[in-house]
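Engineer: File run16.txt below, compact mmCIF, C-alpha atoms:
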```
# COMPACT_ATOMS: atom_id res chain seq x y z
CA ALA O 1 96.73 104.46 90.10
CA GLN O 2 100.44 104.41 90.62
CA SER O 3 102.78 102.22 92.62
CA VAL O 4 106.45 101.54 93.23
CA THR O 5 108.22 98.26 93.93
CA GLN O 6 111.68 98.23 95.44
CA LEU O 7 113.38 94.87 95.10
CA GLY O 8 115.50 94.02 98.12
CA SER O 9 114.66 95.49 101.48
CA HIS O 10 118.31 95.17 102.52
CA VAL O 11 121.39 95.56 100.34
CA SER O 12 124.98 95.23 101.56
CA VAL O 13 127.99 96.28 99.53
CA SER O 14 131.65 96.69 100.31
CA GLU O 15 133.18 100.14 100.55
CA GLY O 16 134.32 101.12 97.06
CA ALA O 17 131.99 98.68 95.32
CA LEU O 18 129.13 99.47 92.96
CA VAL O 19 125.80 100.36 94.56
CA LEU O 20 122.66 99.24 92.71
CA LEU O 21 119.22 99.79 94.24
CA ARG O 22 116.27 98.63 92.17
CA CYS O 23 112.97 100.40 91.58
CA ASN O 24 110.12 99.46 89.27
CA TYR O 25 107.06 101.64 88.89
CA SER O 26 103.52 101.39 87.64
CA SER O 27 101.67 104.46 86.41
CA SER O 28 98.72 105.09 84.12
CA VAL O 29 100.19 108.42 83.01
CA PRO O 30 103.77 109.44 82.25
CA PRO O 31 105.48 109.34 85.63
CA TYR O 32 107.71 111.68 87.53
CA LEU O 33 110.18 109.60 89.55
CA PHE O 34 112.25 110.41 92.59
CA TRP O 35 114.85 108.85 94.84
CA TYR O 36 115.01 110.02 98.45
CA VAL O 37 117.48 109.11 101.21
CA GLN O 38 116.63 108.94 104.90
CA TYR O 39 119.18 108.84 107.69
CA PRO O 40 118.11 107.53 111.13
CA ASN O 41 115.54 109.71 112.88
CA GLN O 42 115.59 112.28 110.10
CA GLY O 43 113.31 113.38 107.31
CA LEU O 44 113.79 112.61 103.64
CA GLN O 45 116.34 114.28 101.39
CA LEU O 46 115.97 114.31 97.62
CA LEU O 47 118.80 112.54 95.79
CA LEU O 48 117.56 112.99 92.24
CA LYS O 49 114.45 113.22 90.09
CA TYR O 50 113.22 112.32 86.61
CA THR O 51 110.72 114.77 85.15
CA SER O 52 110.53 113.71 81.47
CA ALA O 53 113.76 115.38 80.39
CA ALA O 54 116.98 113.39 80.08
CA THR O 55 116.56 109.69 80.88
CA LEU O 56 119.88 109.52 82.71
CA VAL O 57 119.64 111.66 85.79
CA LYS O 58 122.53 112.70 87.99
CA GLY O 59 121.97 113.58 91.60
CA ILE O 60 123.83 114.52 94.72
CA ASN O 61 126.61 112.53 96.39
CA GLY O 62 127.60 110.79 93.14
CA PHE O 63 124.30 108.95 92.63
CA GLU O 64 122.57 108.60 89.30
CA ALA O 65 119.53 106.80 87.91
CA GLU O 66 118.29 105.84 84.46
CA PHE O 67 114.65 105.96 83.43
CA LYS O 68 113.80 102.98 81.22
CA LYS O 69 110.23 103.15 79.99
CA SER O 70 110.31 99.73 78.32
CA GLU O 71 111.31 98.12 81.63
CA THR O 72 109.28 100.51 83.83
CA SER O 73 112.41 100.90 85.92
CA PHE O 74 114.34 103.68 87.61
CA HIS O 75 117.28 101.98 89.30
CA LEU O 76 119.69 103.98 91.45
CA THR O 77 123.44 103.50 91.08
CA LYS O 78 126.71 104.81 92.46
CA PRO O 79 130.06 103.60 91.10
CA SER O 80 131.89 103.50 94.42
CA ALA O 81 130.19 103.14 97.79
CA HIS O 82 131.27 105.26 100.74
CA MET O 83 130.62 104.58 104.39
CA SER O 84 128.46 107.70 104.56
CA ASP O 85 126.04 106.17 102.03
CA ALA O 86 124.64 103.84 104.69
CA ALA O 87 120.99 104.86 104.99
CA GLU O 88 117.45 103.98 103.88
CA TYR O 89 116.60 104.77 100.27
CA PHE O 90 113.09 105.31 98.92
CA CYS O 91 111.89 105.41 95.36
CA ALA O 92 108.74 107.44 94.72
CA VAL O 93 106.40 108.17 91.82
CA SER O 94 104.13 111.11 91.16
CA SER O 95 101.76 112.24 88.45
CA LEU O 96 102.97 115.81 88.55
CA GLY O 97 101.54 117.78 85.70
CA PHE O 98 98.39 115.68 85.69
CA GLY O 99 96.91 117.23 88.78
CA ASN O 100 98.19 114.64 91.22
CA GLU O 101 101.24 115.78 93.09
CA LYS O 102 101.23 113.37 96.00
CA LEU O 103 104.18 111.04 96.16
CA THR O 104 103.68 107.28 96.28
CA PHE O 105 106.69 105.64 97.92
CA GLY O 106 108.13 102.17 97.81
CA THR O 107 108.85 100.26 100.99
CA GLY O 108 112.48 101.29 100.99
CA THR O 109 115.89 99.62 100.76
CA ARG O 110 118.30 99.74 103.68
CA LEU O 111 121.86 100.07 102.37
CA THR O 112 124.68 98.78 104.53
CA ILE O 113 128.31 99.48 103.65
CA ILE O 114 130.87 96.88 104.67
CA PRO O 115 134.28 98.33 105.56
CA ASP W 116 115.70 129.36 103.82
CA THR W 117 115.38 127.64 107.17
CA GLY W 118 113.78 124.49 105.84
CA VAL W 119 110.64 122.72 106.98
CA SER W 120 110.31 122.46 110.74
CA GLN W 121 108.07 120.23 112.82
CA ASP W 122 107.14 120.35 116.46
CA PRO W 123 107.38 118.33 118.60
CA ARG W 124 110.03 115.94 117.37
CA HIS W 125 108.83 113.20 119.71
CA LYS W 126 105.51 112.64 121.45
CA ILE W 127 104.55 109.87 123.81
CA THR W 128 100.90 109.67 124.72
CA LYS W 129 98.48 107.25 126.28
CA ARG W 130 95.80 105.58 124.25
CA GLY W 131 92.67 107.70 124.08
CA GLN W 132 94.43 111.04 124.42
CA ASN W 133 94.39 113.75 121.75
CA VAL W 134 97.60 115.00 120.18
CA THR W 135 98.42 117.89 117.87
CA PHE W 136 101.47 118.33 115.67
CA ARG W 137 102.67 121.48 113.98
CA CYS W 138 104.46 121.97 110.68
CA ASP W 139 106.08 125.18 109.48
CA PRO W 140 106.84 125.02 105.76
CA ILE W 141 109.45 126.93 103.82
CA SER W 142 108.12 130.47 103.87
CA GLU W 143 107.32 131.00 100.19
CA HIS W 144 105.89 127.51 99.61
CA ASN W 145 102.16 127.40 98.96
CA ARG W 146 101.72 123.61 99.09
CA LEU W 147 101.98 121.56 102.24
CA TYR W 148 101.76 117.79 102.57
CA TRP W 149 101.37 115.35 105.44
CA TYR W 150 102.65 111.78 105.26
CA ARG W 151 102.75 108.94 107.78
CA GLN W 152 105.59 106.45 107.98
CA THR W 153 105.34 103.28 110.02
CA LEU W 154 108.32 101.13 110.96
CA GLY W 155 109.87 99.43 107.95
CA GLN W 156 107.59 101.12 105.46
CA GLY W 157 107.78 104.05 103.10
CA PRO W 158 105.86 107.23 103.80
CA GLU W 159 102.16 107.15 102.96
CA PHE W 160 100.28 110.21 101.80
CA LEU W 161 97.67 111.59 104.19
CA THR W 162 96.60 114.99 102.89
CA TYR W 163 97.77 118.16 101.24
CA PHE W 164 96.96 121.86 101.12
CA GLN W 165 97.35 124.59 98.59
CA ASN W 166 97.45 127.77 100.61
CA GLU W 167 94.63 127.27 103.15
CA ALA W 168 92.55 124.90 101.01
CA GLN W 169 92.73 121.19 101.74
CA LEU W 170 92.72 119.66 98.26
CA GLU W 171 92.97 115.94 98.89
CA LYS W 172 92.61 113.53 101.79
CA SER W 173 93.69 109.90 101.79
CA ARG W 174 91.39 107.14 102.93
CA LEU W 175 94.03 106.59 105.62
CA LEU W 176 92.82 109.78 107.24
CA SER W 177 90.06 108.49 109.46
CA ASP W 178 87.49 110.70 111.19
CA ARG W 179 89.84 110.91 114.17
CA PHE W 180 92.36 112.83 112.09
CA SER W 181 91.99 116.47 111.14
CA ALA W 182 94.42 118.83 109.47
CA GLU W 183 94.26 122.56 109.09
CA ARG W 184 96.25 125.33 107.51
CA PRO W 185 94.27 128.35 108.61
CA LYS W 186 96.31 131.17 107.14
CA GLY W 187 98.09 129.31 104.42
CA SER W 188 101.30 129.22 106.41
CA PHE W 189 101.82 126.66 109.19
CA SER W 190 99.66 123.55 109.46
CA THR W 191 98.45 121.40 112.33
CA LEU W 192 97.56 117.72 112.35
CA GLU W 193 95.36 116.57 115.21
CA ILE W 194 94.64 113.00 116.16
CA GLN W 195 91.74 112.45 118.53
CA ARG W 196 91.33 109.41 120.78
CA THR W 197 94.71 107.99 119.79
CA GLU W 198 95.10 104.26 119.23
CA GLN W 199 98.25 102.15 119.33
CA GLY W 200 98.04 101.79 115.57
CA ASP W 201 98.61 105.53 115.27
CA SER W 202 102.21 105.08 116.43
CA ALA W 203 104.31 106.26 113.51
CA MET W 204 106.51 109.03 112.17
CA TYR W 205 104.44 111.92 110.84
CA LEU W 206 106.25 113.78 108.09
CA CYS W 207 105.45 117.18 106.69
CA ALA W 208 106.67 118.45 103.33
CA SER W 209 106.23 121.66 101.37
CA SER W 210 106.61 122.72 97.76
CA LEU W 211 106.07 125.68 95.50
CA GLN W 212 103.34 125.09 92.95
CA GLY W 213 104.50 125.94 89.48
CA SER W 214 108.12 125.54 90.40
CA LEU W 215 110.12 123.70 87.79
CA THR W 216 112.03 121.84 90.46
CA TYR W 217 109.03 119.61 91.30
CA GLU W 218 110.56 118.98 94.68
CA GLN W 219 108.89 118.38 97.99
CA TYR W 220 111.08 119.41 100.91
CA PHE W 221 110.60 117.28 103.98
CA GLY W 222 110.81 118.18 107.63
CA PRO W 223 112.49 115.99 110.28
CA GLY W 224 109.19 114.42 111.31
CA THR W 225 107.30 113.94 114.56
CA ARG W 226 107.59 110.47 116.05
CA LEU W 227 104.41 109.49 117.89
CA THR W 228 104.35 106.63 120.36
CA VAL W 229 100.97 105.59 121.75
CA THR W 230 101.20 103.46 124.88
```
Let me see the structure of the file written as structure tokens.

Structural biologist:
Amino acid sequence: AQSVTQLGSHVSVSEGALVLLRCNYSSSVPPYLFWYVQYPNQGLQLLLKYTSAATLVKGINGFEAEFKKSETSFHLTKPSAHMSDAAEYFCAVSSLGFGNEKLTFGTGTRLTIIP
Amino acid sequence: DTGVSQDPRHKITKRGQNVTFRCDPISEHNRLYWYRQTLGQGPEFLTYFQNEAQLEKSRLLSDRFSAERPKGSFSTLEIQRTEQGDSAMYLCASSLQGSLTYEQYFGPGTRLTVT
């Protein structure tokens, strides 16, 4: 079984400030981890993914995440928030490579940017 | 690459009616997934296909739900005798098995409202 916990359903940061969205996972096999972003009334867009290569993963729009096995975490960061980053962010885990490709999502974190 | 498309984008129906949604995946993708997303929650896996074969169904998929992918291209999701609890966003995603990108591409979703 696998699961994802996203701490903080709502996060507010000032424009230009550091963005930190937290994700902890549970998986019985080595996980593949993903961050997706969802804008209102739209589908999900992949920001970045960890697939057992480099532990520090860089994605689109200046986001990055670090896989920490000892902490079972995959937190998403961006050095300087932009107004266009306001959206819902979902962390997801999969057992790709072990015959289980479905994604298990967290409950999401709504990011608000304060001008 | 035109992306994953879903039709309709919005559907309002009365309780007890049947509804059918369509998903057209990216043309060369052989895997197709259905997820359901309720308000304030992350997407939850419903089922997925490889070509025309339905490989896994979630326990969330009650007997009132049926999904097909008859020719390994587009897929339909039918809900019979809709209930108010079926109100949600239904998301479709596709991927290419064996691809090293490990990415599921999501469509814009179909929002179902059961009155």

Engineer: For chain W, which of O:Glu66, O:Gly59, O:Gly43, O:Lys49 is the closest residue, counting all atoms listed in the file?

Structural biologist: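 The closest residue to chain W is O:Gly43.
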
Engineer: Which residue is closest to Arg151 (chain W)? Choose from W:Leu211, W:Ala182, W:Leu175, W:Ile194 and count all atoms listed in the file.

Structural biologist: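 Smallest separation from Arg151 (chain W) among the options: W:Leu175.
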
Engineer: When distances are computed from only C-alpha atoms, which of O:Leu103, O:Ala81, O:Val57, O:Val29 shows the smallest separation from chain W?

Structural biologist: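 Using only C-alpha atoms, chain W sits closest to O:Leu103.
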
Engineer: Choose the residue, out of W:Lys172, W:Pro158, W:Pro123, W:Thr228, that has the smallest atom-to-atom separation from Gly200 (chain W); count only C-alpha atoms.

Structural biologist: W:Thr228

Engineer: Pick out the closest residue to chain W from this set: O:Ser28, O:Thr109, O:Gln42, O:Ser80. Count only C-alpha atoms.

Structural biologist: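 Between O:Ser28, O:Thr109, O:Gln42, O:Ser80, the residue approaching chain W most closely is O:Gln42.
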
Engineer: Show me, as a list in words, the residues of chain O whose atoms get within 6 Å of chain W, using only C-alpha atoms for the distance check.

Structural biologist: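 Only these qualify: Gln42, Gly43, Leu44, Phe105, Gly106, Thr107 and Gly108 of chain O.
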
Engineer: If we count all atoms listed in the file, what is near Ala87 (chain O) at a cut-off of 10 Å, once residues fewer than 2 positions away on the same chain are taken out, given as a PyMOL selection string?

Structural biologist: chain O and resi 37-40+83-85+89-90+109-113

Engineer: Restricting the calculation to only C-alpha atoms: of W:Glu198, W:Glu167, W:Glu193, W:Asp178, which residue gets closest to His144 (chain W)?

Structural biologist: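 Nearest to His144 (chain W): W:Glu167.
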
Engineer: What is the CA of Thr72 (chain O) to CA of Cys23 (chain O) distance in Å?

Structural biologist: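 So the two atoms, CA of Thr72 (chain O) and CA of Cys23 (chain O), lie 8.6 Å apart.
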
Engineer: In Å, how far is it from CA of Thr104 (chain O) to CA of Glu88 (chain O)?

Structural biologist: 16.1 Å

Engineer: Taking (108.7, 100.5, 84.3) in the file's coordinates, which residues come within 6 Å, counting only C-alpha atoms, written as an NGL selection string?

Structural biologist: :O and (24-25 or 69 or 71-73)

Engineer: Just the selected residues (C-alpha atoms), exported as a PDB file, in the coordinates of the input, please.

Structural biologist:
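Now in again-v1.pdb:
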```
ATOM      1  CA  ASN O  24     110.120  99.460  89.270  1.00  0.00           C
ATOM      2  CA  TYR O  25     107.060 101.640  88.890  1.00  0.00           C
ATOM      3  CA  LYS O  69     110.230 103.150  79.990  1.00  0.00           C
ATOM      4  CA  GLU O  71     111.310  98.120  81.630  1.00  0.00           C
ATOM      5  CA  THR O  72     109.280 100.510  83.830  1.00  0.00           C
ATOM      6  CA  SER O  73     112.410 100.900  85.920  1.00  0.00           C
TER       7      SER O  73
END
```

Engineer: Quick one: distance from CA of Glu143 (chain W) to CA of Ser181 (chain W) in Å, one decimal?

Structural biologist: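 CA of Ser181 (chain W) lies 23.8 Å from CA of Glu143 (chain W).
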